[in-house]
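**Student:** Quick one: the structure is below, and I'll ask about it shortly.
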Amino acid sequence: MRRLGSELRQRKHLKVIQELDAFPKVPESYQETTASGGTVSIVTFLFIGILILSEFQYYRATDIQYNYEVDTDADNKLKINVDLTVAMKCQDIGADILDLSGATVEGENIKEEATFFELAENQKEWLRKFQKMKSSKEGYRTINEVELFEGSLPTAMPQRDDLQKQSSRQPDSCRFFGSFAVNKVAGNFHVTVGKSIPHPRGHAHLSAFVPATDYNFTHRINHLSFGPRVPGLISALDGDIQVTQNNLHTYYYYIKIVPTSIKMLSWRNELKTNQYSVTQRSRKIDHAGGSHGVSGVFFKYDLSSILVRVNEVHRPFWQFLVRLCGIVGGIFATSGMLHSLVGFLVEKLYCCKKQVSKTESVGDNQNSSIANHHVTNTNDLNNQPVVS
C-alpha cells in the first residue's frame with residue numbers, strides 16, 4: 001500500500017509538472033512540410049551560422065575601459081619630449097622652459113641642430129601619410145581616446161635621404177629636440193628671438209642684435225609629448241606645420257595635460273604617461289596698430305587633477321551567450337513570421353486566380369448554351385411544314 005501511494009503521489013507531481021510545460025509538442029502526424037518552408041529553413045540556418053561566426057569574432061576582440069580618479073602623484077617630475085623645427089638660424093633664436101615655481105630649464109639643456117626646413121622626399125612622403133592618417137581620427141585634438149597607431153608606418157619622422165645634395169648649402173633652420181624633466185606644475189616652453197640670459201627679476205632673451213627682417217617663426221612640430229614615450233601613441237600636435245608670411249608673428253598653444261595610466265593585455269606592466277588637449281591661437285604683431293607682444297612660439301601647459309586609467313579587457317562570456325540567444329531566437333521568430341506572411345499572400349493570390357478562372361469558365365459555358373439553343377430553334381423552324 002505504501003508503494004502504491006508513493007507511485008500515485010509521483011504521478012500526481014509529474015502531471016502537475018507536465019501541465020506547466022510552456023513548450024507543447026505537436027505530433028508529427030499534424031505537421032505539414034513544404035518546399036517553401038524547407039527553403040526558408042535552409043536560408044535561416046545559413047544566416048544564423050554567419051551571425052554566430054561574426055559574434056564569436058566580436059567576443060574574441062577586446063574592449064577599452066576608462067576609469068577616472070583623482071591624481072595624487074604630485075611629487076614626481078614631469079617629462080617633456082619635444083622635437084621642433086623653426087625656420088630661423090640657431091644663433092638668432094633660443095628655447096627654454098619656465099614654470100610657476102620659478103624653476104627654469106636652461107637653454108643648454110635643450111639640444112639644438114642646424115637643419116633645413118624643407119623636407120627631403122622620403123620625409124615629405126612620411127608626413128603626407130601621417131597627416132592623412134591623423135585627419136581620419138575625428139576629434140584628435142581632444143581627449144577622447146588613446147590613439148594607438150597600428151601599421152608599418154613609423155610614428156617618428158625618418159632621417160633625410162639627401163644629405164649629400166644638401167651638403168653644399170647652408171642650413172636655414174634650427175631644430176630643438178630632447179627630453180627633460182620639470183616640476184609637476186604649470187609652465188611654458190617657448191622659442192623666441194635671442195638667447196636666454198640670466199635676469200634677477202625674471203626671464204629675458206637677448207634679441208637686440210637680431211634685425212626684425214630676419215624674424216620668421218614658421219615652424220613644424222615633429223613631436224611633442226609629456227611623460228614616457230609610448231611607441232605608437234599619437235600626440236595631438238605631432239606633424240603640425242604653421243607657415244607665416246609676417247616677420248612679427250606669435251603662436252600660442254594652450255595645452256591641458258591629463259595624466260594617463262595604460263594597461264594593455266599584451267603588456268607586462270602598467271604604463272604611466274600623459275595625454276593632452278590643445279587650443280591654438282596666433283596673431284600678427286603690429287605695434288603701430290596696438291597689437292603688442294613678443295614674436296615666437298609658446299607652449300603654455302597646465303596639468304589636470306584627474307587621472308585617466310585605460311584598461312584593455314576581454315568581453316564577458318555571459319554577454320556572448322545572451323547575444324547568441326538573442327540572435328538565434330530573433331531570427332527563428334522573424335523567419336517564421338515572414339514565412340507565414342508570404343504563405344498567406346501566396347494563398348490569397350492563388351485563390352484570386354482560381355476564382356477568376358472559375359468565373360471565366362462559367363461565362364464560357366453560358367455562352368455555349370445560348371449558342372446551342374439558337375441553333376436548335378433554327379432547326380425547328382426549318383423542319384416545320386410549309387402550308388400553301
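Ordering of the C-alpha cells sets the chain letters (A, B, ...), residue numbers begin anew at 1 in every chain, and ligands are numbered from 1 in the order given.
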Please build the interface table for stretch 287-330 of chain A against stretch 258-263 of chain A with a cut-off of 9 Å, listing for each qualifying residue the nearest atom pair and the distance in Å to one decimal; count only C-alpha atoms, order rows by chain and increasing number, and write it as JSON lines.
**Tutor:**
```
{"residue": "A:Asp302", "atom": "CA", "partner": "A:Val258", "partner_atom": "CA", "distance": 9.0}
{"residue": "A:Leu303", "atom": "CA", "partner": "A:Val258", "partner_atom": "CA", "distance": 6.3}
{"residue": "A:Ser304", "atom": "CA", "partner": "A:Val258", "partner_atom": "CA", "distance": 5.2}
{"residue": "A:Ser305", "atom": "CA", "partner": "A:Val258", "partner_atom": "CA", "distance": 7.6}
{"residue": "A:Ile306", "atom": "CA", "partner": "A:Val258", "partner_atom": "CA", "distance": 6.8}
{"residue": "A:Leu307", "atom": "CA", "partner": "A:Pro259", "partner_atom": "CA", "distance": 5.0}
{"residue": "A:Val308", "atom": "CA", "partner": "A:Thr260", "partner_atom": "CA", "distance": 4.7}
{"residue": "A:Arg309", "atom": "CA", "partner": "A:Ser261", "partner_atom": "CA", "distance": 4.7}
{"residue": "A:Val310", "atom": "CA", "partner": "A:Ile262", "partner_atom": "CA", "distance": 4.7}
{"residue": "A:Asn311", "atom": "CA", "partner": "A:Lys263", "partner_atom": "CA", "distance": 4.9}
{"residue": "A:Glu312", "atom": "CA", "partner": "A:Lys263", "partner_atom": "CA", "distance": 6.4}
```
**Student:** Selection from above, N, CA and C atoms, as a compact mmCIF listing (two decimals), in the first residue's frame, can you write it?
**Tutor:**
```
# COMPACT_ATOMS: atom_id res chain seq x y z
N ASP A 302 49.31 73.23 -18.60
CA ASP A 302 48.77 73.11 -17.24
C ASP A 302 48.35 71.67 -17.04
N LEU A 303 48.33 71.20 -15.79
CA LEU A 303 48.04 69.80 -15.50
C LEU A 303 46.65 69.64 -14.91
N SER A 304 45.97 68.59 -15.34
CA SER A 304 44.66 68.25 -14.79
C SER A 304 44.84 67.46 -13.50
N SER A 305 43.88 67.62 -12.60
CA SER A 305 43.91 66.87 -11.34
C SER A 305 43.25 65.50 -11.46
N ILE A 306 42.74 65.17 -12.64
CA ILE A 306 42.05 63.90 -12.86
C ILE A 306 42.99 62.94 -13.58
N LEU A 307 43.07 61.73 -13.06
CA LEU A 307 43.85 60.66 -13.67
C LEU A 307 42.93 59.73 -14.45
N VAL A 308 43.31 59.41 -15.67
CA VAL A 308 42.54 58.51 -16.51
C VAL A 308 43.25 57.15 -16.54
N ARG A 309 42.52 56.11 -16.18
CA ARG A 309 43.05 54.75 -16.25
C ARG A 309 42.44 54.03 -17.45
N VAL A 310 43.29 53.58 -18.34
CA VAL A 310 42.87 52.91 -19.57
C VAL A 310 43.25 51.44 -19.44
N ASN A 311 42.26 50.56 -19.48
CA ASN A 311 42.50 49.12 -19.33
C ASN A 311 41.88 48.38 -20.52
N GLU A 312 42.64 47.47 -21.07
CA GLU A 312 42.14 46.60 -22.13
C GLU A 312 41.63 45.31 -21.49
```
**Student:** Do a neighbour search on A:Gln319 at 12 Å with only C-alpha atoms, toss out local chain neighbours closer than 2 positions, and write the hits as a count of residues only.
**Tutor:** 15
**Student:** Mind pulling up the distance from atom CA of A:Leu345 to atom CA of A:Thr39?
**Tutor:**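 Separation between atom CA of A:Thr39 and atom CA of A:Leu345: 17.0 Å.
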**Student:** So that I can check the surroundings of A:Phe189, please list as a VMD selection string every protein, DNA and RNA residue that reaches within 8 Å of it, counting only C-alpha atoms and ignoring chain neighbours fewer than 4 positions away.
**Tutor:** chain A and resid 95 to 98 298 to 300
**Student:** Skipping near chain neighbours, those fewer than 2 positions away, what residues fall within 10 Å of A:Leu237 using only C-alpha atoms, listed as a list in words?
**Tutor:**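 In the requested form, the answer reads Tyr140, Arg141, Arg220, Ile221, Asn222, His223, Leu224, Ser225, Ile234, Ser235, Gly239, Asp240, Ile241, Tyr253, Tyr276, Ser277 and Val278 of chain A.
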**Student:** Store the residues picked out above, limited to C-alpha atoms, as an mmCIF file, in the first residue's frame.
**Tutor:**
```cif
data_model
loop_
_atom_site.group_PDB
_atom_site.id
_atom_site.type_symbol
_atom_site.label_atom_id
_atom_site.label_comp_id
_atom_site.auth_asym_id
_atom_site.auth_seq_id
_atom_site.Cartn_x
_atom_site.Cartn_y
_atom_site.Cartn_z
ATOM 1 C CA TYR A 140 42.046 64.075 -32.476
ATOM 2 C CA ARG A 141 42.727 67.427 -30.790
ATOM 3 C CA ARG A 220 56.977 72.363 -37.784
ATOM 4 C CA ILE A 221 56.158 70.251 -34.695
ATOM 5 C CA ASN A 222 57.704 66.873 -35.341
ATOM 6 C CA HIS A 223 56.780 65.608 -31.891
ATOM 7 C CA LEU A 224 55.522 66.939 -28.566
ATOM 8 C CA SER A 225 54.509 64.715 -25.668
ATOM 9 C CA ILE A 234 49.914 59.660 -31.351
ATOM 10 C CA SER A 235 50.046 63.090 -29.724
ATOM 11 C CA GLY A 239 53.180 66.560 -37.626
ATOM 12 C CA ASP A 240 51.582 70.042 -37.464
ATOM 13 C CA ILE A 241 53.047 72.800 -39.670
ATOM 14 C CA TYR A 253 49.458 76.645 -27.795
ATOM 15 C CA TYR A 276 46.805 66.379 -23.683
ATOM 16 C CA SER A 277 44.265 68.567 -25.412
ATOM 17 C CA VAL A 278 45.328 71.799 -27.082
#
```
**Student:** Stretch 26-270 of chain A: which residues are alpha helix (DSSP H) by DSSP, as a PyMOL selection string?
**Tutor:** chain A and resi 35-60+121-135+163-166
**Student:** I'd like to know which residues of stretch 147-352 of chain A are strand (DSSP E or B) (by DSSP, run on the backbone); could you write them as a VMD selection string?
**Tutor:** chain A and resid 148 173 to 182 187 to 193 195 to 199 202 to 206 219 to 226 233 240 to 242 249 to 263 271 to 284 286 291 296 to 303 306 to 314
**Student:** What's around A:Leu78 at 6 Å? Count only C-alpha atoms, leave out sequence neighbours fewer than 4 positions away in its own chain, and write the answer as a ChimeraX atom specification.
**Tutor:** /A:181-184
**Student:** Could you write out that same residue set with C-alpha atoms as a short mmCIF file (atom, residue, chain, number, x, y, z; two decimals), in the first residue's frame?
**Tutor:**
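Contents of out_7.cif, freshly written:
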```
data_model
loop_
_atom_site.label_atom_id
_atom_site.label_comp_id
_atom_site.auth_asym_id
_atom_site.auth_seq_id
_atom_site.Cartn_x
_atom_site.Cartn_y
_atom_site.Cartn_z
CA ALA A 181 62.19 66.77 -16.53
CA VAL A 182 60.42 69.72 -14.91
CA ASN A 183 58.35 70.22 -11.78
CA LYS A 184 54.81 68.91 -11.97
#
```
**Student:** For A:Val210, find every residue with an atom within 9 Å (counting only C-alpha atoms), except residues of its own chain fewer than 3 positions away, and show them as a tab-separated table (two decimals) with N, CA and C atoms, in the first residue's frame.
**Tutor:**
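Output below, filename out15.tsv:
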```tsv
chain	number	residue	atom	x	y	z
A	92	ASP	N	70.16	82.93	-33.88
A	92	ASP	CA	69.23	84.05	-33.74
A	92	ASP	C	68.08	83.76	-32.78
A	93	ILE	N	67.88	82.53	-32.37
A	93	ILE	CA	66.74	82.18	-31.51
A	93	ILE	C	67.22	81.32	-30.35
A	193	VAL	N	63.09	85.09	-30.14
A	193	VAL	CA	64.31	85.69	-30.70
A	193	VAL	C	65.33	85.90	-29.59
A	194	GLY	N	66.59	85.55	-29.88
A	194	GLY	CA	67.68	85.79	-28.94
A	194	GLY	C	67.86	84.64	-27.96
A	206	LEU	N	68.08	87.89	-25.24
A	206	LEU	CA	68.91	88.91	-25.86
A	206	LEU	C	68.59	88.98	-27.35
A	207	SER	N	67.67	89.89	-27.70
A	207	SER	CA	67.19	89.97	-29.08
A	207	SER	C	67.57	91.26	-29.78
A	213	THR	N	63.80	92.03	-39.72
A	213	THR	CA	63.59	91.48	-41.06
A	213	THR	C	63.99	90.00	-41.13
A	214	ASP	N	64.78	89.54	-40.15
A	214	ASP	CA	65.19	88.12	-40.14
A	214	ASP	C	64.23	87.23	-39.35
A	215	TYR	N	63.20	87.84	-38.76
A	215	TYR	CA	62.25	87.05	-37.98
A	215	TYR	C	61.42	86.17	-38.93
```
**Student:** How many Å lie between atom CA of A:Lys272 and atom CA of A:Asn81, rounded to one decimal?
**Tutor:**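 Going from atom CA of A:Lys272 over to atom CA of A:Asn81, I get 14.6 Å.
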**Student:** For a quick check of understanding, using only C-alpha atoms, which of A:Gln355, A:Gln57, A:Asn67, A:Ser295 has the smallest distance to A:His205?
**Tutor:**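 The shortest atom-to-atom distance to A:His205 comes from A:Ser295.
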